[in-house]
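K.L.:
Attaching a single structure in structure tokens format; questions to follow.
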Amino acid sequence: MSKFYVIIVALLLIFQSISAQNDTILIDFGNTPTPGVWNNISNPVDGQINNMINTSGMSSGKNILVFDAFNNINTNGTQNPDPSLGFPATATGDSFFGNVAEFGGQVQLTGGVELSGLNPEKIYSISVFASREASDNRETQYLFEGLSSETLYLQTASNSSEVVTSTLQPTAEGVIRVTASTGPNNNNASGFYYLGVMRVVYEHEDVILPAVLNLVSPNGGEFWQINKTPSIIWESENVAEVIIEYSTNNGSSWSSIATVPAFNKEYVWTIPEMPSQECLVRISAGEESDESTAVFEISSDTLSCRIVVLGSSTAEGVGASPSDSAWVKRYKKEIFQQNTRYEVINLAKGGYTTYHILPTGTTIPPGVFVTVDPARNITRALSYNPFAIIINMPSNDVANFYPNSGQLDNYALLQSTALENGVSAWICTTQPRNFGTQVQLQSQITMKDSILSIYGDYAIDLWTGFAEPNGFITPAFNTGDGVHLNNAGHRLIFERVLAKDIHKIDCSSLSVPEPRNTPEKVIARFYPNPFTNQISIEFETTSAGEINLQFVDAMGRNLGNVAEKVSNSGKHLLQLTPDLSIETGKQLIFCIISVKDSSGLNQGSYTLIRSSE
């Protein structure tokens, strides 16, 4: 942390040496945030920042917004910018981009940002930088519009040292717009253009705004272990430095932790060897101060409670920008902040299906052309000695036309493998996806219903609120590709997973709660199997109750439902002639059975074969 502080101070000295009479605002466009006194915009469609900070870390009263959408984010800018620019690689390595020929399903002829809150009587110097490693010509045109206008051109291909700068006054409303587009010499087939960094320099202003300082974490009830590294987090405005202290006796005395720039808004604290159940943290700046609302604990306990995530691209973080907005990273940080015993290990990989994560040595059925990945499957997950596993497989099985019955078999095997090792497993439902066939859309819906029905409290609903009635992703959560969720979608997943309170389970106990869905709980026998028209089902209840059967075909289509009541305890026999549509020959049918009696709701699933002969 001290090295980071020295770097920031050095940057401040550089900027201050440019002109003691000027204020400077630095803006980074892209999904890799630049720390310190930078203003980061990661949304290329309608991103905005109100009251940007200047290089002194103080509020400027100036705003920026994307008024003309770009296509997306380029992450192939230079990683070796000329030091004379004063721009770090985190700023130069990414940028917003647009295009004149269709790319990613979009054409964005122009993309622009608007600066507002400017003084109409002052002159502003606005410098723009952008870079994309490339060998062709990607000249970008920038139109600067205020009280006057100016058009400048920048060769962005493999740029590491050049900027364009316009000096102009804002409009009478205090607005300057910068619009990017394809330059006349650009010979790229898509006509790509870019906006990566902006520096705004203007005569110093005394912005008189109230100081704001609020401690966010720790704020009472946390359990932090010695030598672990949770963060002290705060909110601040118009504060230069924050003094951080802690108390182990409920505020009777205080010890120094550090003094850091306020704009960091977070300090990673290595917990000292001072165990106590009466700890507080206090932050202060001048006359402003705030401290933990209630005490938290510093403990010498060394227990680690691991949660392993298995999944595909969503769990890996695709769609979130920056990556810290991904649901697994949010979840990992949140539960660690509350209790440093809890660790999250993420084994997810984009493109994976339920077959990739099966136990090592599992035989893959014909027609499935993937192999189990021993580096990212449940066997590897169990090697970390977790107390819980979360499985997030949104849609790749259906995208590959793998039958729902196979998915359900895989989930049953995954859960039973976890339970055999004393580990609880939570299964996320499918997520909506803009599939092009009704069969796939229905398979996703049926799979969602099956997971919720079978796994009950151990199912995590990632469909409700995410999906349109037709099975598509609701626009508010769509990244634009019809497959992945954006930041808002990732946040909702994080909230759904957090609401399961897995991180509140006492992992010091070796006993693992058994999910109420274990198939063995439903003592059922189906015969004959294969069957033609009639099938008999034997099952047992502890009291009067009811039985529900759902029949699903191999493509995940719902074939029918049966509900019956029983008036007493004991063994029961149902003889059914289910009204199921069937093709000629033999058909694989998956039956989800639920029995509700005095012992609760018990569920399971069975594979049946029906013959038309």
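Note on naming: chains are A, B, ... as they come in the structure tokens, residues start from 1 per chain, ligands start from 1 in the order shown.
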Near segment 80-84 of chain A, counting only C-alpha atoms, which residues have an atom at most 10 Å away, once you skip same-chain residues fewer than 2 positions from it, shown as a PDB file with C-alpha atoms, in the first residue's frame?
P.N.:
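Full text of result32.pdb as output:
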```pdb
ATOM      1  CA  GLY A  77      -4.501  -0.616 -26.706  1.00  0.00           C
ATOM      2  CA  THR A  78      -0.871   0.052 -25.903  1.00  0.00           C
ATOM      3  CA  GLY A  86       1.410  10.923 -17.892  1.00  0.00           C
ATOM      4  CA  PHE A  87      -1.120   8.200 -18.742  1.00  0.00           C
ATOM      5  CA  PRO A  88      -0.729   4.722 -17.168  1.00  0.00           C
ATOM      6  CA  ALA A  89      -1.249   1.493 -19.143  1.00  0.00           C
ATOM      7  CA  THR A  90      -4.571   0.873 -17.399  1.00  0.00           C
ATOM      8  CA  ALA A  91      -5.852   3.997 -19.156  1.00  0.00           C
ATOM      9  CA  THR A  92      -4.164   3.545 -22.553  1.00  0.00           C
ATOM     10  CA  GLY A  93      -4.819  -0.191 -22.849  1.00  0.00           C
ATOM     11  CA  SER A 131      -4.726   3.336 -29.114  1.00  0.00           C
ATOM     12  CA  ASN A 159      -0.352   4.726 -30.962  1.00  0.00           C
ATOM     13  CA  SER A 160       1.715   5.126 -27.794  1.00  0.00           C
ATOM     14  CA  SER A 161       2.688   8.782 -27.715  1.00  0.00           C
ATOM     15  CA  GLU A 162       0.377  11.080 -29.697  1.00  0.00           C
TER      16      GLU A 162
END
```
K.L.:
Please identify the strand (DSSP E) residues within segment 206-303 of chain A (assignment by DSSP from backbone atoms) and present them as a ChimeraX atom specification.
P.N.:
/A:212-217,223-225,231-237,241-247,255-261,266-268,276-285,288-291,296-299
K.L.:
Could you write those residues out with N, CA and C atoms, as a short mmCIF file (atom, residue, chain, number, x, y, z; two decimals), in the first residue's frame?
P.N.:
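Listed below is the output, result-v4.cif:
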```cif
data_model
loop_
_atom_site.label_atom_id
_atom_site.label_comp_id
_atom_site.auth_asym_id
_atom_site.auth_seq_id
_atom_site.Cartn_x
_atom_site.Cartn_y
_atom_site.Cartn_z
N VAL A 212 -17.52 15.38 2.78
CA VAL A 212 -18.33 14.20 3.10
C VAL A 212 -17.39 13.06 3.44
N LEU A 213 -17.64 12.39 4.56
CA LEU A 213 -16.79 11.27 4.98
C LEU A 213 -17.66 10.27 5.73
N ASN A 214 -17.85 9.09 5.15
CA ASN A 214 -18.67 8.05 5.76
C ASN A 214 -17.94 6.72 5.73
N LEU A 215 -17.87 6.05 6.88
CA LEU A 215 -17.27 4.73 6.95
C LEU A 215 -18.30 3.69 6.51
N VAL A 216 -17.93 2.85 5.56
CA VAL A 216 -18.83 1.81 5.05
C VAL A 216 -18.55 0.47 5.72
N SER A 217 -17.27 0.12 5.86
CA SER A 217 -16.88 -1.17 6.45
C SER A 217 -15.50 -1.05 7.08
N PHE A 223 -16.30 -10.42 11.54
CA PHE A 223 -15.38 -11.37 12.19
C PHE A 223 -14.12 -11.41 11.33
N TRP A 224 -13.06 -10.73 11.79
CA TRP A 224 -11.83 -10.60 11.02
C TRP A 224 -10.70 -11.31 11.74
N GLN A 225 -10.02 -12.19 11.03
CA GLN A 225 -8.96 -13.01 11.61
C GLN A 225 -7.59 -12.34 11.45
N SER A 231 -10.85 -5.16 3.72
CA SER A 231 -10.67 -3.75 3.38
C SER A 231 -11.46 -2.85 4.32
N ILE A 232 -10.84 -1.73 4.66
CA ILE A 232 -11.57 -0.63 5.28
C ILE A 232 -12.08 0.24 4.13
N ILE A 233 -13.39 0.43 4.08
CA ILE A 233 -14.02 1.09 2.93
C ILE A 233 -14.78 2.32 3.40
N TRP A 234 -14.67 3.40 2.64
CA TRP A 234 -15.37 4.62 3.01
C TRP A 234 -15.87 5.36 1.77
N GLU A 235 -16.74 6.32 2.00
CA GLU A 235 -17.19 7.25 0.97
C GLU A 235 -16.70 8.63 1.35
N SER A 236 -16.21 9.39 0.37
CA SER A 236 -15.72 10.73 0.68
C SER A 236 -15.86 11.66 -0.50
N GLU A 237 -16.02 12.92 -0.19
CA GLU A 237 -16.01 13.99 -1.19
C GLU A 237 -15.32 15.20 -0.58
N GLU A 241 -7.06 13.80 2.46
CA GLU A 241 -6.46 12.64 3.11
C GLU A 241 -7.38 12.10 4.20
N VAL A 242 -7.26 10.81 4.46
CA VAL A 242 -8.04 10.18 5.52
C VAL A 242 -7.08 9.53 6.52
N ILE A 243 -7.30 9.84 7.77
CA ILE A 243 -6.55 9.20 8.85
C ILE A 243 -7.36 8.01 9.33
N ILE A 244 -6.74 6.84 9.37
CA ILE A 244 -7.45 5.61 9.76
C ILE A 244 -6.87 5.10 11.07
N GLU A 245 -7.76 4.80 12.02
CA GLU A 245 -7.35 4.30 13.34
C GLU A 245 -8.25 3.13 13.73
N TYR A 246 -7.80 2.38 14.72
CA TYR A 246 -8.63 1.31 15.26
C TYR A 246 -8.52 1.25 16.77
N SER A 247 -9.56 0.68 17.36
CA SER A 247 -9.62 0.51 18.82
C SER A 247 -9.98 -0.93 19.12
N SER A 255 -5.43 3.36 18.06
CA SER A 255 -4.10 3.14 17.50
C SER A 255 -4.15 3.47 16.00
N SER A 256 -3.03 4.01 15.50
CA SER A 256 -2.97 4.42 14.09
C SER A 256 -2.85 3.21 13.18
N ILE A 257 -3.53 3.28 12.04
CA ILE A 257 -3.37 2.29 10.97
C ILE A 257 -2.60 2.90 9.82
N ALA A 258 -3.09 4.01 9.27
CA ALA A 258 -2.43 4.66 8.13
C ALA A 258 -3.11 5.99 7.86
N THR A 259 -2.40 6.83 7.07
CA THR A 259 -2.97 8.04 6.49
C THR A 259 -2.83 7.91 4.98
N VAL A 260 -3.96 7.97 4.28
CA VAL A 260 -3.96 7.67 2.84
C VAL A 260 -4.78 8.70 2.09
N PRO A 261 -4.56 8.82 0.77
CA PRO A 261 -5.39 9.72 -0.03
C PRO A 261 -6.86 9.32 0.06
N GLU A 266 -10.65 3.04 -0.16
CA GLU A 266 -10.49 1.68 0.34
C GLU A 266 -9.04 1.49 0.78
N TYR A 267 -8.86 0.80 1.90
CA TYR A 267 -7.52 0.49 2.39
C TYR A 267 -7.49 -0.98 2.79
N VAL A 268 -6.60 -1.74 2.17
CA VAL A 268 -6.46 -3.16 2.50
C VAL A 268 -5.64 -3.27 3.77
N SER A 276 -9.69 -9.26 19.93
CA SER A 276 -10.64 -8.59 20.81
C SER A 276 -12.02 -8.67 20.19
N GLN A 277 -13.03 -8.68 21.04
CA GLN A 277 -14.40 -8.64 20.57
C GLN A 277 -15.00 -7.24 20.65
N GLU A 278 -14.17 -6.25 20.96
CA GLU A 278 -14.65 -4.88 21.12
C GLU A 278 -13.89 -3.93 20.21
N CYS A 279 -13.83 -4.26 18.94
CA CYS A 279 -13.03 -3.47 17.99
C CYS A 279 -13.90 -2.46 17.24
N LEU A 280 -13.28 -1.34 16.93
CA LEU A 280 -13.89 -0.29 16.12
C LEU A 280 -12.84 0.25 15.17
N VAL A 281 -13.29 0.84 14.05
CA VAL A 281 -12.41 1.58 13.16
C VAL A 281 -12.94 3.01 13.07
N ARG A 282 -12.02 3.96 13.04
CA ARG A 282 -12.39 5.37 12.93
C ARG A 282 -11.61 5.99 11.78
N ILE A 283 -12.30 6.79 10.97
CA ILE A 283 -11.65 7.57 9.92
C ILE A 283 -11.91 9.05 10.18
N SER A 284 -10.94 9.89 9.83
CA SER A 284 -11.11 11.32 10.08
C SER A 284 -10.35 12.13 9.04
N ALA A 285 -10.83 13.34 8.82
CA ALA A 285 -10.20 14.29 7.91
C ALA A 285 -10.62 15.68 8.37
N GLU A 288 -14.08 16.41 10.00
CA GLU A 288 -14.99 15.31 9.68
C GLU A 288 -14.43 13.99 10.22
N SER A 289 -15.31 13.15 10.77
CA SER A 289 -14.89 11.82 11.23
C SER A 289 -16.11 10.90 11.25
N ASP A 290 -15.83 9.61 11.21
CA ASP A 290 -16.87 8.61 11.32
C ASP A 290 -16.23 7.34 11.86
N GLU A 291 -17.01 6.52 12.55
CA GLU A 291 -16.48 5.28 13.09
C GLU A 291 -17.52 4.18 12.99
N PHE A 296 -16.82 -4.93 16.16
CA PHE A 296 -16.56 -6.15 15.42
C PHE A 296 -15.45 -6.91 16.14
N GLU A 297 -15.17 -8.12 15.66
CA GLU A 297 -14.20 -8.97 16.36
C GLU A 297 -12.94 -9.17 15.53
N ILE A 298 -11.79 -9.04 16.19
CA ILE A 298 -10.51 -9.51 15.66
C ILE A 298 -10.20 -10.80 16.39
N SER A 299 -9.99 -11.87 15.64
CA SER A 299 -9.88 -13.21 16.23
C SER A 299 -8.57 -13.89 15.84
#
```
K.L.:
Contacts of segment 137-145 of chain A at 8 Å or less, counting only C-alpha atoms, minus same-chain residues fewer than 3 places along, as a PyMOL selection string?
P.N.:
chain A and resi 134+148-157+166+170+176-188+191-194
K.L.:
Name the residues of segment 303-416 of chain A that fall into alpha helix (DSSP H) according to DSSP on the backbone, using the chain letters and numbers of this document, as a PyMOL selection string.
P.N.:
chain A and resi 313-316+327-338+378-383+396-399+404-416
K.L.:
List as a VMD selection string the protein and nucleic acid residues near Arg376 of chain A, meaning an atom at most 12 Å away when only C-alpha atoms are counted, but skip any in the same chain fewer than 2 places from it.
P.N.:
chain A and resid 308 to 312 316 345 to 350 352 to 360 371 to 374 378 to 384 391
K.L.:
Would you mind exporting N, CA and C atoms of the selected residues as an mmCIF file, in the first residue's frame?
P.N.:
```cif
data_model
loop_
_atom_site.group_PDB
_atom_site.id
_atom_site.type_symbol
_atom_site.label_atom_id
_atom_site.label_comp_id
_atom_site.auth_asym_id
_atom_site.auth_seq_id
_atom_site.Cartn_x
_atom_site.Cartn_y
_atom_site.Cartn_z
ATOM 1 N N VAL A 308 -16.654 -23.388 -3.345
ATOM 2 C CA VAL A 308 -16.128 -23.505 -4.700
ATOM 3 C C VAL A 308 -17.255 -23.281 -5.697
ATOM 4 N N VAL A 309 -16.980 -22.482 -6.713
ATOM 5 C CA VAL A 309 -17.948 -22.212 -7.780
ATOM 6 C C VAL A 309 -17.529 -22.984 -9.026
ATOM 7 N N LEU A 310 -18.460 -23.782 -9.556
ATOM 8 C CA LEU A 310 -18.287 -24.453 -10.837
ATOM 9 C C LEU A 310 -19.241 -23.801 -11.826
ATOM 10 N N GLY A 311 -18.784 -23.568 -13.046
ATOM 11 C CA GLY A 311 -19.682 -22.913 -13.986
ATOM 12 C C GLY A 311 -19.039 -22.652 -15.321
ATOM 13 N N SER A 312 -19.687 -21.765 -16.072
ATOM 14 C CA SER A 312 -19.224 -21.416 -17.421
ATOM 15 C C SER A 312 -18.947 -19.919 -17.477
ATOM 16 N N GLU A 316 -17.559 -17.148 -14.738
ATOM 17 C CA GLU A 316 -16.194 -16.684 -15.010
ATOM 18 C C GLU A 316 -16.138 -15.164 -15.011
ATOM 19 N N ILE A 345 -13.497 -19.941 -4.160
ATOM 20 C CA ILE A 345 -12.586 -20.401 -5.216
ATOM 21 C C ILE A 345 -13.408 -20.598 -6.475
ATOM 22 N N ASN A 346 -13.016 -19.921 -7.542
ATOM 23 C CA ASN A 346 -13.792 -19.935 -8.781
ATOM 24 C C ASN A 346 -13.096 -20.798 -9.830
ATOM 25 N N LEU A 347 -13.724 -21.917 -10.210
ATOM 26 C CA LEU A 347 -13.181 -22.813 -11.231
ATOM 27 C C LEU A 347 -13.928 -22.703 -12.564
ATOM 28 N N ALA A 348 -14.799 -21.711 -12.705
ATOM 29 C CA ALA A 348 -15.639 -21.598 -13.897
ATOM 30 C C ALA A 348 -14.808 -21.295 -15.142
ATOM 31 N N LYS A 349 -15.294 -21.768 -16.287
ATOM 32 C CA LYS A 349 -14.640 -21.496 -17.559
ATOM 33 C C LYS A 349 -15.695 -21.358 -18.657
ATOM 34 N N GLY A 350 -15.548 -20.331 -19.469
ATOM 35 C CA GLY A 350 -16.491 -20.064 -20.535
ATOM 36 C C GLY A 350 -16.658 -21.237 -21.478
ATOM 37 N N TYR A 352 -18.302 -24.014 -20.907
ATOM 38 C CA TYR A 352 -18.443 -25.320 -20.266
ATOM 39 C C TYR A 352 -19.904 -25.719 -20.101
ATOM 40 N N THR A 353 -20.118 -27.043 -20.075
ATOM 41 C CA THR A 353 -21.430 -27.643 -19.872
ATOM 42 C C THR A 353 -21.389 -28.491 -18.607
ATOM 43 N N THR A 354 -22.524 -29.076 -18.253
ATOM 44 C CA THR A 354 -22.554 -29.939 -17.063
ATOM 45 C C THR A 354 -21.663 -31.158 -17.237
ATOM 46 N N TYR A 355 -21.387 -31.541 -18.480
ATOM 47 C CA TYR A 355 -20.525 -32.709 -18.715
ATOM 48 C C TYR A 355 -19.063 -32.409 -18.383
ATOM 49 N N HIS A 356 -18.625 -31.183 -18.586
ATOM 50 C CA HIS A 356 -17.235 -30.826 -18.311
ATOM 51 C C HIS A 356 -16.885 -30.964 -16.834
ATOM 52 N N ILE A 357 -17.868 -30.809 -15.962
ATOM 53 C CA ILE A 357 -17.575 -30.721 -14.526
ATOM 54 C C ILE A 357 -17.940 -31.990 -13.763
ATOM 55 N N LEU A 358 -18.265 -33.066 -14.483
ATOM 56 C CA LEU A 358 -18.598 -34.333 -13.816
ATOM 57 C C LEU A 358 -17.361 -34.909 -13.132
ATOM 58 N N PRO A 359 -17.555 -35.859 -12.214
ATOM 59 C CA PRO A 359 -16.407 -36.448 -11.512
ATOM 60 C C PRO A 359 -15.390 -37.042 -12.479
ATOM 61 N N THR A 360 -14.135 -36.918 -12.140
ATOM 62 C CA THR A 360 -13.072 -37.501 -12.954
ATOM 63 C C THR A 360 -13.319 -39.001 -13.131
ATOM 64 N N THR A 371 -15.018 -33.628 -23.027
ATOM 65 C CA THR A 371 -14.377 -34.472 -22.022
ATOM 66 C C THR A 371 -14.425 -33.778 -20.679
ATOM 67 N N VAL A 372 -14.430 -34.563 -19.631
ATOM 68 C CA VAL A 372 -14.395 -34.013 -18.280
ATOM 69 C C VAL A 372 -13.065 -33.285 -18.077
ATOM 70 N N ASP A 373 -13.130 -32.094 -17.505
ATOM 71 C CA ASP A 373 -11.916 -31.316 -17.227
ATOM 72 C C ASP A 373 -11.501 -31.523 -15.778
ATOM 73 N N PRO A 374 -10.449 -32.298 -15.518
ATOM 74 C CA PRO A 374 -10.059 -32.572 -14.129
ATOM 75 C C PRO A 374 -9.521 -31.358 -13.389
ATOM 76 N N ILE A 378 -15.908 -31.273 -10.417
ATOM 77 C CA ILE A 378 -16.275 -31.415 -9.008
ATOM 78 C C ILE A 378 -15.199 -32.155 -8.221
ATOM 79 N N THR A 379 -14.457 -33.045 -8.888
ATOM 80 C CA THR A 379 -13.364 -33.727 -8.198
ATOM 81 C C THR A 379 -12.314 -32.721 -7.750
ATOM 82 N N ARG A 380 -11.965 -31.783 -8.649
ATOM 83 C CA ARG A 380 -11.016 -30.736 -8.258
ATOM 84 C C ARG A 380 -11.617 -29.839 -7.178
ATOM 85 N N ALA A 381 -12.904 -29.522 -7.310
ATOM 86 C CA ALA A 381 -13.551 -28.685 -6.297
ATOM 87 C C ALA A 381 -13.441 -29.321 -4.913
ATOM 88 N N LEU A 382 -13.678 -30.624 -4.838
ATOM 89 C CA LEU A 382 -13.622 -31.312 -3.547
ATOM 90 C C LEU A 382 -12.209 -31.372 -2.988
ATOM 91 N N SER A 383 -11.202 -31.254 -3.855
ATOM 92 C CA SER A 383 -9.818 -31.291 -3.376
ATOM 93 C C SER A 383 -9.470 -30.080 -2.529
ATOM 94 N N TYR A 384 -10.270 -29.010 -2.630
ATOM 95 C CA TYR A 384 -10.041 -27.820 -1.810
ATOM 96 C C TYR A 384 -10.666 -27.941 -0.424
ATOM 97 N N ILE A 391 -23.074 -24.386 -8.303
ATOM 98 C CA ILE A 391 -22.963 -24.748 -9.717
ATOM 99 C C ILE A 391 -23.829 -23.796 -10.538
#
```
K.L.:
Can you write out as a Markdown table which residues of segment 94-183 of chain A fall within 12 Å of segment 64-71 of chain A, alongside each residue's closest atom pair and its distance in Å to one decimal, counting only C-alpha atoms and ordering rows by chain and ascending residue number?
P.N.:
```
| residue | atom | partner | partner_atom | distance |
| --- | --- | --- | --- | --- |
| A:Ser95 | CA | A:Phe70 | CA | 10.1 |
| A:Phe96 | CA | A:Phe70 | CA | 6.4 |
| A:Phe97 | CA | A:Phe70 | CA | 5.8 |
| A:Gly98 | CA | A:Asn71 | CA | 4.9 |
| A:Asn99 | CA | A:Asn71 | CA | 7.3 |
| A:Val100 | CA | A:Asn71 | CA | 10.3 |
| A:Ala101 | CA | A:Asn71 | CA | 11.3 |
| A:Glu102 | CA | A:Asn71 | CA | 9.9 |
| A:Phe103 | CA | A:Asn71 | CA | 8.3 |
| A:Gly104 | CA | A:Asn71 | CA | 8.1 |
| A:Gly105 | CA | A:Asn71 | CA | 9.2 |
| A:Gln106 | CA | A:Asn71 | CA | 6.6 |
| A:Val107 | CA | A:Asn71 | CA | 7.3 |
| A:Gln108 | CA | A:Asn71 | CA | 6.0 |
| A:Leu109 | CA | A:Phe70 | CA | 8.5 |
| A:Thr110 | CA | A:Asp68 | CA | 7.0 |
| A:Gly111 | CA | A:Phe70 | CA | 4.8 |
| A:Gly112 | CA | A:Asp68 | CA | 4.7 |
| A:Val113 | CA | A:Val66 | CA | 4.3 |
| A:Glu114 | CA | A:Leu65 | CA | 5.4 |
| A:Leu115 | CA | A:Ile64 | CA | 4.6 |
| A:Ser116 | CA | A:Ile64 | CA | 6.3 |
| A:Gly117 | CA | A:Ile64 | CA | 8.9 |
| A:Leu118 | CA | A:Ile64 | CA | 10.5 |
| A:Gly174 | CA | A:Ile64 | CA | 11.8 |
| A:Val175 | CA | A:Ile64 | CA | 9.7 |
| A:Ile176 | CA | A:Ile64 | CA | 9.6 |
| A:Arg177 | CA | A:Phe67 | CA | 8.8 |
| A:Val178 | CA | A:Val66 | CA | 9.7 |
| A:Thr179 | CA | A:Asp68 | CA | 7.9 |
| A:Ala180 | CA | A:Phe70 | CA | 9.1 |
| A:Ser181 | CA | A:Phe70 | CA | 9.8 |
```
K.L.:
Can you measure atom CA of Ser567 of chain A to atom CA of Glu546 of chain A for me? One decimal in Å is fine.
P.N.:
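A separation of 8.6 Å between them.
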K.L.:
With a cut-off of 9 Å, could you pull out the residues of segment 401-446 of chain A touching segment 385-388 of chain A and give me the nearest pair of atoms for each, distance in Å to one decimal, using only C-alpha atoms, ordered by chain and ascending number, as CSV?
P.N.:
```
residue,atom,partner,partner_atom,distance
A:Ala418,CA,A:Ala388,CA,8.4
A:Gly422,CA,A:Phe387,CA,7.4
A:Val423,CA,A:Phe387,CA,5.0
A:Ser424,CA,A:Ala388,CA,4.9
A:Ala425,CA,A:Ala388,CA,5.7
A:Trp426,CA,A:Ala388,CA,7.7
```
K.L.:
Have a look at A:Glu468, A:Ala499, A:Thr302, A:Tyr606 and name the one nearest to Asn529 of chain A; count only C-alpha atoms.
P.N.:
A:Tyr606
K.L.:
Which residue, A:Trp254, A:Tyr202, A:Phe590, A:Trp38, has the smallest gap to Asp409 of chain A when you use only C-alpha atoms?
P.N.:
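Ranking A:Trp254, A:Tyr202, A:Phe590, A:Trp38 by distance to Asp409 of chain A, first place goes to A:Phe590.
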K.L.:
Could you name the residues that touch Phe401 of chain A at 8 Å or less, counting only C-alpha atoms, but leaving out those on the same chain fewer than 2 positions away, as a ChimeraX atom specification?
P.N.:
/A:397-399,403,440,555
K.L.:
Store the residues picked out above, limited to N, CA and C atoms, as an mmCIF file, in the first residue's frame.
P.N.:
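This is the output file selection.cif:
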```cif
data_model
loop_
_atom_site.group_PDB
_atom_site.id
_atom_site.type_symbol
_atom_site.label_atom_id
_atom_site.label_comp_id
_atom_site.auth_asym_id
_atom_site.auth_seq_id
_atom_site.Cartn_x
_atom_site.Cartn_y
_atom_site.Cartn_z
ATOM 1 N N ASP A 397 -25.542 -26.338 -22.215
ATOM 2 C CA ASP A 397 -26.040 -27.676 -22.540
ATOM 3 C C ASP A 397 -27.124 -27.601 -23.609
ATOM 4 N N VAL A 398 -28.065 -26.695 -23.413
ATOM 5 C CA VAL A 398 -29.142 -26.548 -24.386
ATOM 6 C C VAL A 398 -28.605 -25.989 -25.699
ATOM 7 N N ALA A 399 -27.607 -25.089 -25.627
ATOM 8 C CA ALA A 399 -27.006 -24.552 -26.852
ATOM 9 C C ALA A 399 -26.394 -25.663 -27.698
ATOM 10 N N PRO A 403 -29.813 -33.241 -24.194
ATOM 11 C CA PRO A 403 -31.162 -33.390 -23.637
ATOM 12 C C PRO A 403 -31.223 -32.996 -22.162
ATOM 13 N N GLN A 440 -35.289 -24.993 -28.092
ATOM 14 C CA GLN A 440 -34.279 -24.615 -27.112
ATOM 15 C C GLN A 440 -34.848 -23.696 -26.037
ATOM 16 N N MET A 555 -35.969 -33.866 -24.848
ATOM 17 C CA MET A 555 -35.695 -32.520 -25.302
ATOM 18 C C MET A 555 -36.113 -31.476 -24.291
#
```
K.L.:
Grab the atom CA of Gln575 of chain A to atom CA of Tyr455 of chain A distance for me, in Å with one decimal place.
P.N.:
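Atom-to-atom, atom CA of Gln575 of chain A to atom CA of Tyr455 of chain A, that is 26.5 Å.
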